[in-house]
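Student: Structure file run.cif, mmCIF, C-alpha atoms, is pasted below:
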```cif
data_final
#
loop_
_atom_site.group_PDB
_atom_site.id
_atom_site.type_symbol
_atom_site.label_atom_id
_atom_site.label_comp_id
_atom_site.auth_asym_id
_atom_site.auth_seq_id
_atom_site.Cartn_x
_atom_site.Cartn_y
_atom_site.Cartn_z
ATOM 1 C CA ALA Z 184 25.369 168.648 51.495
ATOM 2 C CA GLN Z 185 23.052 171.231 50.052
ATOM 3 C CA LYS Z 186 23.844 173.115 46.882
ATOM 4 C CA VAL Z 187 22.040 175.898 45.046
ATOM 5 C CA THR Z 188 22.874 177.022 41.529
ATOM 6 C CA GLN Z 189 21.786 180.300 40.021
ATOM 7 C CA ALA Z 190 23.378 180.259 36.619
ATOM 8 C CA GLN Z 191 22.538 183.728 35.341
ATOM 9 C CA THR Z 192 24.745 186.305 37.000
ATOM 10 C CA GLU Z 193 23.394 189.567 35.584
ATOM 11 C CA ILE Z 194 20.137 190.074 33.743
ATOM 12 C CA SER Z 195 19.118 193.364 32.161
ATOM 13 C CA VAL Z 196 15.542 194.023 31.131
ATOM 14 C CA VAL Z 197 13.624 197.012 29.937
ATOM 15 C CA GLU Z 198 10.916 198.231 32.260
ATOM 16 C CA LYS Z 199 7.608 196.351 31.908
ATOM 17 C CA GLU Z 200 9.283 193.248 30.535
ATOM 18 C CA ASP Z 201 9.026 189.991 32.442
ATOM 19 C CA VAL Z 202 12.121 188.377 33.900
ATOM 20 C CA THR Z 203 12.574 184.822 35.161
ATOM 21 C CA LEU Z 204 15.344 183.796 37.539
ATOM 22 C CA ASP Z 205 16.348 180.165 37.561
ATOM 23 C CA CYS Z 206 17.242 178.277 40.734
ATOM 24 C CA VAL Z 207 18.351 174.657 40.711
ATOM 25 C CA TYR Z 208 19.090 172.861 43.946
ATOM 26 C CA GLU Z 209 20.648 169.640 45.173
ATOM 27 C CA THR Z 210 19.872 167.899 48.433
ATOM 28 C CA ARG Z 211 19.588 164.380 49.796
ATOM 29 C CA ASP Z 212 16.944 165.373 52.325
ATOM 30 C CA THR Z 213 13.347 164.424 51.625
ATOM 31 C CA THR Z 214 12.120 167.381 53.639
ATOM 32 C CA TYR Z 215 13.680 170.720 52.867
ATOM 33 C CA TYR Z 216 12.819 174.376 52.494
ATOM 34 C CA LEU Z 217 13.519 176.798 49.694
ATOM 35 C CA PHE Z 218 13.712 180.549 50.027
ATOM 36 C CA TRP Z 219 14.119 183.628 47.905
ATOM 37 C CA TYR Z 220 15.672 186.805 49.272
ATOM 38 C CA LYS Z 221 16.025 190.219 47.652
ATOM 39 C CA GLN Z 222 19.020 192.483 48.209
ATOM 40 C CA PRO Z 223 18.317 196.002 46.922
ATOM 41 C CA PRO Z 224 21.152 198.476 46.316
ATOM 42 C CA SER Z 225 20.877 199.607 49.936
ATOM 43 C CA GLY Z 226 22.299 196.223 50.909
ATOM 44 C CA GLU Z 227 19.818 194.691 53.318
ATOM 45 C CA LEU Z 228 18.406 191.209 52.749
ATOM 46 C CA VAL Z 229 14.658 191.023 52.383
ATOM 47 C CA PHE Z 230 12.775 187.743 52.683
ATOM 48 C CA LEU Z 231 10.387 187.097 49.777
ATOM 49 C CA ILE Z 232 9.087 183.552 50.007
ATOM 50 C CA ARG Z 233 9.483 180.166 51.637
ATOM 51 C CA ARG Z 234 8.399 176.845 50.135
ATOM 52 C CA ASN Z 235 8.598 173.391 51.706
ATOM 53 C CA SER Z 236 9.398 170.301 49.682
ATOM 54 C CA PHE Z 237 5.907 168.842 50.035
ATOM 55 C CA ASP Z 238 4.120 171.854 48.653
ATOM 56 C CA GLU Z 239 4.513 172.061 44.881
ATOM 57 C CA GLN Z 240 1.809 174.626 44.370
ATOM 58 C CA ASN Z 241 2.942 177.654 42.469
ATOM 59 C CA GLU Z 242 2.553 180.943 44.239
ATOM 60 C CA ILE Z 243 1.748 184.430 43.081
ATOM 61 C CA SER Z 244 2.190 187.574 45.121
ATOM 62 C CA GLY Z 245 1.422 190.690 43.154
ATOM 63 C CA ARG Z 246 3.900 190.865 40.277
ATOM 64 C CA TYR Z 247 6.009 188.053 41.758
ATOM 65 C CA SER Z 248 5.414 184.386 41.085
ATOM 66 C CA TRP Z 249 7.274 181.211 41.881
ATOM 67 C CA ASN Z 250 7.313 177.885 40.095
ATOM 68 C CA PHE Z 251 8.472 174.909 42.165
ATOM 69 C CA GLN Z 252 9.162 171.706 40.237
ATOM 70 C CA LYS Z 253 10.470 168.880 42.362
ATOM 71 C CA SER Z 254 11.007 166.665 39.309
ATOM 72 C CA THR Z 255 13.647 169.038 37.983
ATOM 73 C CA SER Z 256 14.828 170.324 41.401
ATOM 74 C CA SER Z 257 14.007 173.869 40.427
ATOM 75 C CA PHE Z 258 12.391 176.809 42.171
ATOM 76 C CA ASN Z 259 12.179 179.596 39.625
ATOM 77 C CA PHE Z 260 11.112 183.164 40.254
ATOM 78 C CA THR Z 261 9.361 185.434 37.773
ATOM 79 C CA ILE Z 262 8.864 189.166 38.009
ATOM 80 C CA THR Z 263 6.039 190.286 35.741
ATOM 81 C CA ALA Z 264 5.986 193.774 34.257
ATOM 82 C CA SER Z 265 9.281 194.695 35.875
ATOM 83 C CA GLN Z 266 9.802 198.092 37.459
ATOM 84 C CA VAL Z 267 12.937 200.043 38.268
ATOM 85 C CA VAL Z 268 12.396 199.270 41.968
ATOM 86 C CA ASP Z 269 12.914 195.588 41.139
ATOM 87 C CA SER Z 270 16.579 196.281 40.396
ATOM 88 C CA ALA Z 271 18.374 194.193 43.009
ATOM 89 C CA VAL Z 272 20.283 191.002 43.607
ATOM 90 C CA TYR Z 273 18.024 188.027 44.180
ATOM 91 C CA PHE Z 274 19.214 184.987 46.112
ATOM 92 C CA CYS Z 275 17.764 181.517 46.179
ATOM 93 C CA ALA Z 276 18.567 179.492 49.310
ATOM 94 C CA LEU Z 277 17.975 175.997 50.673
ATOM 95 C CA ALA Z 278 17.703 174.628 54.213
ATOM 96 C CA GLY Z 279 17.736 170.906 54.856
ATOM 97 C CA ASP Z 280 15.521 169.118 57.317
ATOM 98 C CA GLY Z 281 16.334 169.610 60.964
ATOM 99 C CA ASN Z 282 18.728 172.498 60.634
ATOM 100 C CA ASN Z 283 18.581 176.206 59.908
ATOM 101 C CA ARG Z 284 21.782 176.363 57.881
ATOM 102 C CA LEU Z 285 21.064 178.118 54.625
ATOM 103 C CA ALA Z 286 22.942 177.287 51.447
ATOM 104 C CA PHE Z 287 22.750 180.268 49.112
ATOM 105 C CA GLY Z 288 23.130 180.489 45.390
ATOM 106 C CA LYS Z 289 25.483 183.114 44.009
ATOM 107 C CA GLY Z 290 22.620 185.456 43.235
ATOM 108 C CA ASN Z 291 21.091 187.070 40.166
ATOM 109 C CA GLN Z 292 21.761 190.765 39.603
ATOM 110 C CA VAL Z 293 18.640 192.173 37.951
ATOM 111 C CA VAL Z 294 18.912 195.556 36.282
ATOM 112 C CA VAL Z 295 15.676 197.135 35.118
ATOM 113 C CA ILE Z 296 16.266 199.843 32.543
ATOM 114 C CA PRO Z 297 13.680 202.628 32.449
ATOM 115 C CA ASN L 25 11.465 195.451 68.242
ATOM 116 C CA ALA L 26 14.840 196.452 66.826
ATOM 117 C CA GLY L 27 15.194 193.062 65.115
ATOM 118 C CA VAL L 28 18.803 192.136 64.360
ATOM 119 C CA THR L 29 21.358 194.850 64.930
ATOM 120 C CA GLN L 30 24.999 194.854 63.911
ATOM 121 C CA THR L 31 27.835 197.171 64.830
ATOM 122 C CA PRO L 32 29.864 198.698 63.371
ATOM 123 C CA LYS L 33 28.457 199.417 59.895
ATOM 124 C CA PHE L 34 31.908 200.001 58.435
ATOM 125 C CA GLN L 35 35.386 199.095 59.620
ATOM 126 C CA VAL L 36 38.886 199.331 58.212
ATOM 127 C CA LEU L 37 41.581 197.164 59.752
ATOM 128 C CA LYS L 38 45.245 196.664 59.103
ATOM 129 C CA THR L 39 46.543 193.165 58.489
ATOM 130 C CA GLY L 40 47.143 191.415 61.786
ATOM 131 C CA GLN L 41 44.743 193.493 63.846
ATOM 132 C CA SER L 42 41.917 191.842 65.731
ATOM 133 C CA MET L 43 38.370 193.001 66.223
ATOM 134 C CA THR L 44 34.890 191.874 67.177
ATOM 135 C CA LEU L 45 31.792 192.349 65.080
ATOM 136 C CA GLN L 46 28.768 192.681 67.293
ATOM 137 C CA CYS L 47 25.365 191.143 66.631
ATOM 138 C CA ALA L 48 22.282 191.301 68.812
ATOM 139 C CA GLN L 49 18.651 190.298 68.395
ATOM 140 C CA ASP L 50 15.632 191.038 70.555
ATOM 141 C CA MET L 51 13.260 188.408 69.184
ATOM 142 C CA ASN L 52 14.303 185.609 71.563
ATOM 143 C CA HIS L 53 15.466 183.495 68.633
ATOM 144 C CA GLU L 54 17.373 180.333 69.389
ATOM 145 C CA TYR L 55 19.286 180.216 66.124
ATOM 146 C CA MET L 56 21.886 182.799 65.128
ATOM 147 C CA SER L 57 24.463 182.749 62.397
ATOM 148 C CA TRP L 58 27.138 184.720 60.593
ATOM 149 C CA TYR L 59 27.564 184.899 56.833
ATOM 150 C CA ARG L 60 30.051 186.641 54.645
ATOM 151 C CA GLN L 61 29.175 188.020 51.233
ATOM 152 C CA ASP L 62 31.803 188.370 48.562
ATOM 153 C CA PRO L 63 31.223 189.527 44.970
ATOM 154 C CA GLY L 64 30.001 186.671 42.798
ATOM 155 C CA MET L 65 30.021 184.218 45.726
ATOM 156 C CA GLY L 66 26.652 184.644 47.335
ATOM 157 C CA LEU L 67 26.496 184.329 51.111
ATOM 158 C CA ARG L 68 28.597 181.710 52.853
ATOM 159 C CA LEU L 69 28.037 180.492 56.386
ATOM 160 C CA ILE L 70 30.899 181.155 58.817
ATOM 161 C CA HIS L 71 29.579 179.986 62.209
ATOM 162 C CA TYR L 72 26.224 179.351 63.750
ATOM 163 C CA SER L 73 24.633 178.751 67.128
ATOM 164 C CA VAL L 74 21.490 176.860 68.099
ATOM 165 C CA GLY L 75 21.332 178.350 71.574
ATOM 166 C CA ALA L 76 23.341 179.912 74.374
ATOM 167 C CA GLY L 77 26.545 177.990 74.947
ATOM 168 C CA ILE L 78 26.313 176.053 71.656
ATOM 169 C CA THR L 79 28.214 177.024 68.525
ATOM 170 C CA ASP L 80 29.401 175.189 65.447
ATOM 171 C CA GLN L 81 31.342 175.799 62.270
ATOM 172 C CA GLY L 82 29.840 176.577 58.928
ATOM 173 C CA GLU L 83 31.353 176.489 55.484
ATOM 174 C CA VAL L 84 34.172 179.037 55.942
ATOM 175 C CA PRO L 85 35.128 179.181 59.650
ATOM 176 C CA ASN L 86 38.897 179.654 59.419
ATOM 177 C CA GLY L 87 40.147 182.886 60.959
ATOM 178 C CA TYR L 88 36.960 183.514 62.940
ATOM 179 C CA ASN L 89 35.812 182.714 66.454
ATOM 180 C CA VAL L 90 32.366 182.959 68.003
ATOM 181 C CA SER L 91 30.765 182.487 71.374
ATOM 182 C CA ARG L 92 27.188 182.651 72.581
ATOM 183 C CA SER L 93 26.874 183.478 76.232
ATOM 184 C CA THR L 94 23.338 184.863 75.975
ATOM 185 C CA THR L 95 20.364 184.256 73.691
ATOM 186 C CA GLU L 96 20.547 187.837 72.451
ATOM 187 C CA ASP L 97 24.200 188.246 71.457
ATOM 188 C CA PHE L 98 26.435 186.445 68.985
ATOM 189 C CA PRO L 99 29.740 188.276 68.423
ATOM 190 C CA LEU L 100 32.163 187.326 65.662
ATOM 191 C CA ARG L 101 35.865 187.712 66.385
ATOM 192 C CA LEU L 102 38.602 188.129 63.835
ATOM 193 C CA LEU L 103 41.766 187.042 65.589
ATOM 194 C CA SER L 104 44.353 188.325 63.110
ATOM 195 C CA ALA L 105 42.766 190.083 60.166
ATOM 196 C CA ALA L 106 43.896 189.229 56.647
ATOM 197 C CA PRO L 107 43.061 190.940 53.326
ATOM 198 C CA SER L 108 41.096 187.803 52.368
ATOM 199 C CA GLN L 109 38.646 188.696 55.123
ATOM 200 C CA THR L 110 37.622 191.876 53.345
ATOM 201 C CA SER L 111 33.908 191.299 52.905
ATOM 202 C CA VAL L 112 30.432 192.242 53.981
ATOM 203 C CA TYR L 113 29.338 190.349 57.066
ATOM 204 C CA PHE L 114 25.735 189.574 57.873
ATOM 205 C CA CYS L 115 24.331 188.261 61.105
ATOM 206 C CA ALA L 116 20.993 186.444 61.044
ATOM 207 C CA SER L 117 18.591 184.946 63.536
ATOM 208 C CA SER L 118 15.489 182.802 63.486
ATOM 209 C CA PRO L 119 13.477 180.477 65.655
ATOM 210 C CA TRP L 120 14.886 176.970 65.701
ATOM 211 C CA GLY L 121 13.616 174.916 62.750
ATOM 212 C CA SER L 122 14.495 174.895 59.069
ATOM 213 C CA SER L 123 11.051 176.090 58.029
ATOM 214 C CA TYR L 124 11.610 179.551 59.430
ATOM 215 C CA GLU L 125 12.940 182.428 57.385
ATOM 216 C CA GLN L 126 16.009 184.079 58.792
ATOM 217 C CA TYR L 127 16.061 187.707 59.797
ATOM 218 C CA PHE L 128 19.192 189.488 58.687
ATOM 219 C CA GLY L 129 20.998 192.424 60.191
ATOM 220 C CA PRO L 130 22.027 195.393 58.036
ATOM 221 C CA GLY L 131 25.556 194.105 57.551
ATOM 222 C CA THR L 132 29.089 195.241 58.396
ATOM 223 C CA ARG L 133 31.417 196.216 55.575
ATOM 224 C CA LEU L 134 34.954 195.272 56.569
ATOM 225 C CA THR L 135 38.093 196.229 54.685
ATOM 226 C CA VAL L 136 41.464 194.786 55.646
ATOM 227 C CA THR L 137 44.472 196.581 54.201
#
```
Have the structure of the file written as structure tokens, please.
Tutor:
Amino acid sequence: AQKVTQAQTEISVVEKEDVTLDCVYETRDTTYYLFWYKQPPSGELVFLIRRNSFDEQNEISGRYSWNFQKSTSSFNFTITASQVVDSAVYFCALAGDGNNRLAFGKGNQVVVIP
Amino acid sequence: NAGVTQTPKFQVLKTGQSMTLQCAQDMNHEYMSWYRQDPGMGLRLIHYSVGAGITDQGEVPNGYNVSRSTTEDFPLRLLSAAPSQTSVYFCASSPWGSSYEQYFGPGTRLTVT
């Protein structure tokens, strides 16, 4: 069974501060895929990134970066120089090999204070 | 492409009523699924389908039925609504294969009184 833990429920930061969201996962599969989704106040789910278990390179996309560490089963997400538009719930999710079933964490509510 | 569409956006039911949440996608995706989102619980998988005529249960299937007669449509039926089914429901689709990101519909907010 797949399990994803996002321990921090709500995180408040002042605009321009950095914020890091922790994601720890459990799986018995050797091949698996990790995802981050954003859910802004409007409610839709927006795909941010996908990472497969064999690719431990960190990734940066604009102000967003991701740190994948297989040794600690973590796939953390950092927003640099946060902006009010980053206020949202962020979900980490895991799909095991050979199936599309996503196991989601409970989400991190990020509040960016102007 | 419209992507994944869901109807209705909002619905209020009385306990014991039945209804069908509609989901359709125009991307020819094999895989479709239903999730429910409850405060503090993340998204939990209700049912999923890997193609027309094939469905299976997810993590929280009780009280829900699905069928998949076409590639495009994947309706979710509540047979006898209960207050515990008050939630936001999301439909998603993707090509078959765990490497693909899933495309989510806009959601249906259901309240059962």
Student: Neighbours of range 45-50 of chain L within 8 Å (only C-alpha atoms; same-chain residues fewer than 4 positions away dropped), as a ChimeraX atom specification?
Tutor: /L:25-32,96-101,115,117,129,132
Student: For each of L:Tyr113, L:Glu125, L:Gln81, L:Met51, take the minimum atom-to-atom distance to Lys33 in chain L, counting all atoms listed in the file, then give the residue where this is smallest.
Tutor: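 Looking at the shortest contact to Lys33 in chain L, the residue is L:Tyr113.
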Student: Got a sec to pull out which chain L residues are within 9 Å of chain Z, counting all atoms listed in the file, and send them as a VMD selection string?
Tutor: chain L and resid 55 57 63 to 69 72 74 82 118 to 131
Student: When you look at range 195-199 of chain Z with a cut-off of 7 Å (counting only C-alpha atoms), what residues show up, excluding the ones that are within fewer than 5 positions of it in the same chain? I need them as number ranges by chain.
Tutor: Z: 264-267, 293-297
Student: For this file, the PyMOL selection byres ((chain L and resi 105) around 10) selects which residues, as a list in words?
Tutor: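 Applied to this file, the PyMOL selection byres ((chain L and resi 105) around 10) selects Leu37, Lys38, Thr39, Gly40, Gln41, Ser42, Met43, Gly87, Tyr88, Arg101, Leu102, Leu103, Ser104, Ala106, Pro107, Ser108, Gln109, Thr110, Thr135, Val136 and Thr137 of chain L.
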Student: Just give me the gap between CA of Leu204 in chain Z and CA of Met56 in chain L in Å, one decimal is fine.
Tutor: 28.4 Å
Student: Name all residues at most 8 Å from range 247-258 of chain Z (count all atoms listed in the file; drop same-chain ones fewer than 2 positions away) and give them as a PyMOL selection string.
Tutor: chain Z and resi 205-209+217+236+239-245+260-263
Student: State, in Å with one decimal place, the distance from CA of Glu83 in chain L to CA of Gln185 in chain Z.
Tutor: 11.2 Å
Student: Please indicate the distance in Å from CA of Asp62 in chain L to CA of Gln222 in chain Z, rounded to one decimal place.
Tutor: 13.4 Å
Student: So, with only C-alpha atoms as the atoms that count, which of Z:Ala271, Z:Pro224, Z:Lys186, Z:Ile194 lies closest to Arg211 in chain Z?
Tutor: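 Of Z:Ala271, Z:Pro224, Z:Lys186, Z:Ile194, the one nearest Arg211 in chain Z is Z:Lys186, counting only C-alpha atoms.
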